[in-house]
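Participant: The structure's right below; bear with me while I get my questions together.
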Amino acid sequence: MSSEKSKQSVQTTGHSWDGDLQEFNNPLPTWWLWGFYATVVFALIYWVLYPAWPIGTSFTKGIGNQIEYTTKEGKVVKTHWNTRAVYEKQMEVAREEQAVYLAKLKDASFQDILNDPQKRGFALSFAKVLFADNCAACHQAGGAGIVGKYPNLADDSWLWGGSFQQIETTIREGRHGNMPSFAGRLTPAQFDDVSEYVLSLSGQSIDAAKAMRGNKLFHGEAGCFACHTAAGTGNVLMGSANLTDHIWTIAQIHPGMTHDQKQQAIINVVTHGVSRTMPTWKHRLSDMQIKMLAFYVHELGGGK
Amino acid sequence: MASEEALYQKRIPIFPRSVKGRYRSLKYLILFTAYSVYFLLPWIPWSRPDGPSQTILFDLVDRRFYLFNLTVYAQDIFWLAGFLIVAAFLLFFVTGIAGRVFCGYFCFQTLWTDVYQLIERLVQGERNARMKLAAAPWGANKFIRMGLTWLLWLLVAFWTGFSFTLYWSHAPELLQQFFTGHAPFPAYATTLFLTATTFVMAGLAREQVCTYMCPYARFQSAMFDQDTLIVAYDEQRGERGCGRAKPKKGLLQQQERIDTDTGDCIDCGYCVQVCPVGIDIRNGMQYQCISCALCIDACNTIMSSIKYPTGLIRYTSENALQGGRTNWLKFKNIGYAVAILVVIGLLVWSISHRTVLEMTVRQVRQPLYVMLSDGSIQNRYTIKVNNKQSKAVTYTLTVRELPGAHWEVRPSDKISLGPSESASYEVRVWLKPGPEFEDDKDFEFVLQQEGTTKPLLSKEVDFYIPHSMR
């Protein structure tokens with residue numbers, strides 16, 4: 001085959017210059033050429049069917065490619081084919097599919113959703129996205145929060161109450177947590193005493209005398225009991241923290257710390273006070289979304 | 001365009017002549033059986049509690065394959081590997097013993113080409129008529145006959161493509177959706193694609209598929225040896241000393257041919273005319289030959305009609321042709337047979353011992369642990385239970401080998417699942433940390449039959465305790 005080939009003269013275009021100067025002819029492979037023609041035909045058809053050519057400030061819209069969709073606001077839009085409209089159409093279909101479940105959940109009580117695996121599953125996956133979009137920026141993924149800044153939603157301690165209703169109210173109306181600064185109002189020794197007493201509430205005191213003096217301040221001169229209650233268990237009506245449990249939401253206390261470090265962390269909080277705001281969401285989320293989020297947050301920490 | 005030297009040989013159209021005989025009948029029987037199975041299977045109802053009523057249904061959306069009473073889940077897909085291994089070894093085994101049996105009798109290219117040729121013959125007539133029609137200028141007659149042929153081909157191609165699609169959806173529903181324009185896009189795309197390929201492969205490309213495209217055709221030849229059964233022309237008898245000769249006075253009886261040392265082949269050319277791949281079997285074994293055995297039928301028909309013994313072209317091995325004996329009991333064949341039996345055994349064992357209940361446990365990692373108000377540590381786990389049985393079941397989920405732990409299963413530790421249903425559960429486990437926990441604690445989630453303590457299924461997992469609390 002190859003020897004046969006070499007005997008063949010090479011194909012030329014047939015042109016010649018200066019008597020003997022010739023041009024080789026290397027035509028494109030047939031399949032390639034036809035492939036090229038096919039793309040040309042494709043382009044011509046595409047130009048007719050889809051938006052293609054700019055004309056001044058407008059463009060050709062293509063024929064026979066009307067898309068009709070309803071926006072989230074209920075507006076019916078009719079337009080030529082474009083990726084935005086395709087997206088809107090897909091969202092409309094998805095909303096319709098969601099609507100079936102949302103209708104079921106609308107009048108369902110929280111207890112109802114909790115007990116029905118189907119409803120529970122939908123509520124959790126529906127709210128997971130909402131949580132990631134709206135809540136996770138502060139409360140972190142999974143609701144772990146940041147000690148000193150944003151409360152942990154995955155534990156069993158609830159500053160403003162952990163029932164479904166309370167969580168829903170918190171999301172809907174927002175919260176403002178305030179603890180006054182005691183800087184200048186207590187002497188360094190008094191700070192020391194109070195912090196020792198606060199540690200004693202969760203069984204971490206090492207100096208009973210100091211704690212006793214702190215106890216007097218807590219329930220007397222300093223007035224801590226007014227918010228944190230006489231027992232130190234906090235009050236969900238004003239969002240005051242429970243000081244008797246093992247959870248620290250403001251003071252940066254970790255289990256590995258020394259006693260002095262823990263005390264210092266508490267003194268920091270008492271000195272500077274606390275001012276935290278959870279924004280209201282009723283203007284940004286629908287009732288349904290808030291309900292689903294309340295369920296989701298309740299399930300993060302198990303609620304109360 | 002390069003016109004002096006074409007890289008590819010131009011196809012010479014083949015107009016196979018029809019033939020009757022033992023092998024032709026056998027091939028029609030196989031064709032009929034294969035078509036009955038392929039075209040009817042999706043229409044036969046097969047009631048099952050956990051899926052649509054259809055004998056064979058590959059449900060891609062729910063990732064379940066229904067094969068009669070067996071439900072195959074996506075995670076069982078390795079059975080497909082076993083099935084393919086059996087198919088491959090079976091091909092090697094059969095090819096080693098009897099040559100290209102698959103090509104000649106079972107390959108869909110052969111089956112569909114056969115049907116297309118039947119249509120061709122029905123509309124355009126026998127070989128001579130078809131050749132004349134192909135050579136004739138385009139006129140009303142040619143237009144009608146060719147058009148009708150192509151139309152019938154197209155119908156067969158369409159029903160082939162559509163039948164394939166039926167295996168992937170509930171057939172009666174799809175039928176209705178398909179012809180009212182409501183079927184899903186993949187159904188139309190698949191049908192269109194298979195219609196096109198069937199039409200092109202069986203109608204237009206035909207033997208070129210076997211000769212140029214098919215890898216099996218080529219590698220099957222590599223499995224041949226001296227003892228493999230092949231369709232062969234008995235050259236010693238057909239040619240003798242003086243070669244083949246047309247029957248004429250003095251060469252009519254076989255004895256006259258033997259006496260004059262002339263071959264038994266009367267050079268009628270029937271074997272060439274019936275060949276669907278357009279070769280002359282008398283030139284010896286050729287790679288194009290798909291072992292369809294139609295030339296055997298053709299030659300036997302002629303030999304019988306002139307009262308010569310049949311078998312001038314026959315199934316035989318090279319060893320037998322040279323006067324030896326065909327030896328099938330050799331290491332290669334026995335090896336393949338053993339391999340087939342082993343893989344079939346493994347497959348059957350795997351299918352009969354398939355798990356009907358699955359549980360996966362995933363620890364929630366955001367956050368990995370939570371400190372609770374009483375000082376204990378909470379870990380959360382997402383548990384998915386998959387009931388692969390065709391009946392409803394109820395189990396209880398408990399925690400084992402984690403002393404001092406409390407736990408809660410949400411929504412309930414009573415796991416109730418319908419046939420082929422799966423559900424997710426969330427388990428919170430609480431443990432008070434202490435110095436005795438030097439390491440992560442391993443423990444087990446156990447699924448029990450309701451009302452018993454016999455564990456059906458258990459999964460070992462970690463309980464995470466932060467280092468600062470150990």
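Labeling convention for the structure tokens: chains A, B, ... as they appear, residues from 1 per chain, ligands from 1 in order of appearance.
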Determine which residues of chain A sit within 6 Å of chain B, taking into account only C-alpha atoms, and present them as an mmCIF file with C-alpha atoms, in the first residue's frame.
Facilitator:
data_model
loop_
_atom_site.group_PDB
_atom_site.id
_atom_site.type_symbol
_atom_site.label_atom_id
_atom_site.label_comp_id
_atom_site.auth_asym_id
_atom_site.auth_seq_id
_atom_site.Cartn_x
_atom_site.Cartn_y
_atom_site.Cartn_z
ATOM 1 C CA ASN A 115 -44.282 13.255 64.809
ATOM 2 C CA GLY A 142 -25.212 23.950 62.431
ATOM 3 C CA ALA A 144 -22.943 26.358 66.954
ATOM 4 C CA ASP A 155 -27.317 23.232 73.016
ATOM 5 C CA ASP A 156 -30.153 22.918 75.513
ATOM 6 C CA ASP A 245 -25.390 25.562 84.323
ATOM 7 C CA HIS A 246 -22.240 24.567 82.467
ATOM 8 C CA ILE A 247 -22.895 26.719 79.429
ATOM 9 C CA GLY A 256 -9.262 23.586 80.194
#
Participant: Would you mind listing what lies within 12 Å of A:Ser205 as a list in words, with only C-alpha atoms counted and same-chain residues fewer than 3 positions away left out?
Facilitator: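 The filter keeps Asp192, Asp193, Val194, Ser195, Glu196, Tyr197, Val198, Leu199, Ser200, Leu201, Ser202, Ala208, Ala209, Lys210, Ala211, Met212, Gly214, Asn215, Thr258, His259, Asp260, Lys262 and Gln263 of chain A.
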Participant: Write the residues of the preceding selection, restricted to N, CA and C atoms, as a JSON list (two decimals), in the first residue's frame.
Facilitator:
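Printed below is part_1.json as written:
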[["chain", "number", "residue", "atom", "x", "y", "z"],
["A", 192, "ASP", "N", -13.76, 40.77, 92.06],
["A", 192, "ASP", "CA", -13.16, 39.48, 92.39],
["A", 192, "ASP", "C", -14.17, 38.60, 93.13],
["A", 193, "ASP", "N", -14.85, 39.21, 94.13],
["A", 193, "ASP", "CA", -15.80, 38.47, 94.94],
["A", 193, "ASP", "C", -16.99, 37.98, 94.11],
["A", 194, "VAL", "N", -17.55, 38.88, 93.30],
["A", 194, "VAL", "CA", -18.72, 38.52, 92.50],
["A", 194, "VAL", "C", -18.39, 37.40, 91.51],
["A", 195, "SER", "N", -17.24, 37.51, 90.87],
["A", 195, "SER", "CA", -16.89, 36.48, 89.89],
["A", 195, "SER", "C", -16.70, 35.13, 90.56],
["A", 196, "GLU", "N", -16.14, 35.17, 91.80],
["A", 196, "GLU", "CA", -15.97, 33.91, 92.54],
["A", 196, "GLU", "C", -17.35, 33.30, 92.83],
["A", 197, "TYR", "N", -18.31, 34.18, 93.20],
["A", 197, "TYR", "CA", -19.65, 33.68, 93.49],
["A", 197, "TYR", "C", -20.32, 33.10, 92.24],
["A", 198, "VAL", "N", -20.13, 33.77, 91.10],
["A", 198, "VAL", "CA", -20.74, 33.28, 89.85],
["A", 198, "VAL", "C", -20.19, 31.89, 89.51],
["A", 199, "LEU", "N", -18.89, 31.72, 89.71],
["A", 199, "LEU", "CA", -18.30, 30.39, 89.46],
["A", 199, "LEU", "C", -18.87, 29.36, 90.43],
["A", 200, "SER", "N", -19.13, 29.81, 91.67],
["A", 200, "SER", "CA", -19.65, 28.87, 92.67],
["A", 200, "SER", "C", -21.05, 28.37, 92.29],
["A", 201, "LEU", "N", -21.78, 29.18, 91.50],
["A", 201, "LEU", "CA", -23.13, 28.78, 91.10],
["A", 201, "LEU", "C", -23.12, 27.50, 90.27],
["A", 202, "SER", "N", -22.06, 27.31, 89.50],
["A", 202, "SER", "CA", -21.95, 26.07, 88.74],
["A", 202, "SER", "C", -20.94, 25.14, 89.38],
["A", 208, "ALA", "N", -14.42, 29.86, 99.53],
["A", 208, "ALA", "CA", -15.76, 30.01, 100.06],
["A", 208, "ALA", "C", -16.00, 31.40, 100.65],
["A", 209, "ALA", "N", -14.98, 32.00, 101.28],
["A", 209, "ALA", "CA", -15.13, 33.31, 101.91],
["A", 209, "ALA", "C", -15.41, 34.38, 100.87],
["A", 210, "LYS", "N", -14.60, 34.32, 99.80],
["A", 210, "LYS", "CA", -14.78, 35.26, 98.70],
["A", 210, "LYS", "C", -16.18, 35.10, 98.11],
["A", 211, "ALA", "N", -16.57, 33.85, 97.89],
["A", 211, "ALA", "CA", -17.87, 33.57, 97.29],
["A", 211, "ALA", "C", -18.99, 34.09, 98.18],
["A", 212, "MET", "N", -18.80, 33.99, 99.50],
["A", 212, "MET", "CA", -19.80, 34.48, 100.43],
["A", 212, "MET", "C", -19.97, 35.97, 100.28],
["A", 214, "GLY", "N", -19.22, 37.69, 97.66],
["A", 214, "GLY", "CA", -19.81, 37.88, 96.33],
["A", 214, "GLY", "C", -21.31, 37.66, 96.37],
["A", 215, "ASN", "N", -21.73, 36.65, 97.12],
["A", 215, "ASN", "CA", -23.14, 36.31, 97.28],
["A", 215, "ASN", "C", -23.91, 37.53, 97.77],
["A", 258, "THR", "N", -7.59, 27.73, 83.75],
["A", 258, "THR", "CA", -7.30, 27.79, 85.19],
["A", 258, "THR", "C", -8.40, 28.60, 85.85],
["A", 259, "HIS", "N", -8.43, 28.52, 87.18],
["A", 259, "HIS", "CA", -9.46, 29.24, 87.92],
["A", 259, "HIS", "C", -9.35, 30.74, 87.69],
["A", 260, "ASP", "N", -8.10, 31.27, 87.69],
["A", 260, "ASP", "CA", -7.88, 32.70, 87.49],
["A", 260, "ASP", "C", -8.38, 33.17, 86.13],
["A", 262, "LYS", "N", -10.73, 31.81, 84.34],
["A", 262, "LYS", "CA", -12.19, 31.79, 84.34],
["A", 262, "LYS", "C", -12.72, 33.04, 85.03],
["A", 263, "GLN", "N", -12.12, 33.35, 86.16],
["A", 263, "GLN", "CA", -12.55, 34.53, 86.92],
["A", 263, "GLN", "C", -12.38, 35.78, 86.08]]
Participant: Would you give me, as number ranges by chain, the residues in stretch 128-294 of chain A that DSSP reads as strand (DSSP E or B)?
Facilitator: A: 146, 150, 175-179, 235, 240, 274-278
Participant: Excluding B:Pro42 and its own-chain neighbours fewer than 5 positions away, which residues fall within 7 Å of it when counting only C-alpha atoms? Please give them as an mmCIF file with C-alpha atoms, in the first residue's frame.
Facilitator:
data_model
loop_
_atom_site.group_PDB
_atom_site.id
_atom_site.type_symbol
_atom_site.label_atom_id
_atom_site.label_comp_id
_atom_site.auth_asym_id
_atom_site.auth_seq_id
_atom_site.Cartn_x
_atom_site.Cartn_y
_atom_site.Cartn_z
ATOM 1 C CA GLN B 54 -44.071 -4.907 34.725
ATOM 2 C CA THR B 55 -41.806 -7.930 34.245
ATOM 3 C CA ILE B 56 -38.659 -5.938 33.640
ATOM 4 C CA LEU B 166 -40.417 0.845 27.415
ATOM 5 C CA TYR B 167 -37.953 -1.006 29.608
ATOM 6 C CA ALA B 171 -45.068 0.629 29.473
#
Participant: Please report, as an MDAnalysis selection string, each residue of stretch 202-363 of chain B to which DSSP assigns helix (DSSP H, G or I) when run on this structure's backbone.
Facilitator: chainID B and resid 202:205 207:213 215:221 235:239 254:259 270:273 281:283 294:305 318:321 331:352
Participant: Record the distance separating atom CA of A:Thr30 and atom CA of B:Lys10, expressed in Å with one decimal.
Facilitator: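 So the answer is 14.6 Å.
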Participant: When you look at A:Phe24 with a cut-off of 8 Å (counting only C-alpha atoms), what residues show up, excluding the ones that are within fewer than 3 positions of it in the same chain? I need them as a ChimeraX atom specification.
Facilitator: /A:10-13
Participant: Measuring between only C-alpha atoms, which one of A:Pro117, A:Gly74, A:Gly64, A:Gly162 shows the shortest distance to A:Leu300?
Facilitator: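 Nearest candidate to A:Leu300 out of A:Pro117, A:Gly74, A:Gly64, A:Gly162: A:Gly162.
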Participant: Measuring atom to atom with only C-alpha atoms, identify which of B:Trp43, B:Cys265, B:Gln449, B:Phe89 is nearest to B:Tyr336.
Facilitator: B:Phe89
Participant: Please provide as a list in words all residues within 8 Å of B:Asp442, with the sequence filter that same-chain residues fewer than 6 positions apart are discarded (counting only C-alpha atoms).
Facilitator: Glu401, Leu402, Glu460, Val461, Asp462 and Phe463 of chain B
Participant: Keeping only C-alpha atoms, write the selected residues to a file as a PDB file, in the first residue's frame.
Facilitator:
ATOM      1  CA  GLU B 401     -21.849  -0.419  74.594  1.00  0.00           C
ATOM      2  CA  LEU B 402     -21.840   3.170  75.804  1.00  0.00           C
ATOM      3  CA  GLU B 460     -20.124   0.988  65.100  1.00  0.00           C
ATOM      4  CA  VAL B 461     -19.491   4.716  65.479  1.00  0.00           C
ATOM      5  CA  ASP B 462     -17.409   7.174  67.505  1.00  0.00           C
ATOM      6  CA  PHE B 463     -18.558   9.356  70.353  1.00  0.00           C
TER       7      PHE B 463
END
Participant: Would you mind listing what lies within 10 Å of B:Lys246 as a list in words, with only C-alpha atoms counted and same-chain residues fewer than 4 positions away left out?
Facilitator: Leu251, Leu252, Gly263, Asp264, Cys265, Ile266, Asp267 and Cys268 of chain B
Participant: Tell me, as a CSV table (one decimal) with N, CA and C atoms, in the first residue's frame, which residues lie within 7 Å of B:Ala98, counting only C-alpha atoms; anything in the same chain fewer than 3 positions away does not count.
Facilitator:
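Wrote part_18.csv, looks like this:
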chain,number,residue,atom,x,y,z
B,94,VAL,N,-17.9,-20.3,24.0
B,94,VAL,CA,-18.6,-20.8,22.8
B,94,VAL,C,-17.8,-20.6,21.6
B,95,THR,N,-17.1,-19.4,21.5
B,95,THR,CA,-16.3,-19.1,20.4
B,95,THR,C,-15.1,-20.1,20.2
B,101,VAL,N,-20.6,-18.3,16.8
B,101,VAL,CA,-22.0,-18.6,17.0
B,101,VAL,C,-22.8,-17.4,17.3
B,228,THR,N,-11.5,-25.4,16.5
B,228,THR,CA,-12.8,-24.6,16.5
B,228,THR,C,-13.6,-25.0,15.3
B,229,LEU,N,-14.9,-25.1,15.6
B,229,LEU,CA,-15.9,-25.4,14.5
B,229,LEU,C,-16.0,-24.2,13.6
B,230,ILE,N,-15.7,-24.3,12.3
B,230,ILE,CA,-15.9,-23.2,11.4
B,230,ILE,C,-16.8,-23.7,10.3
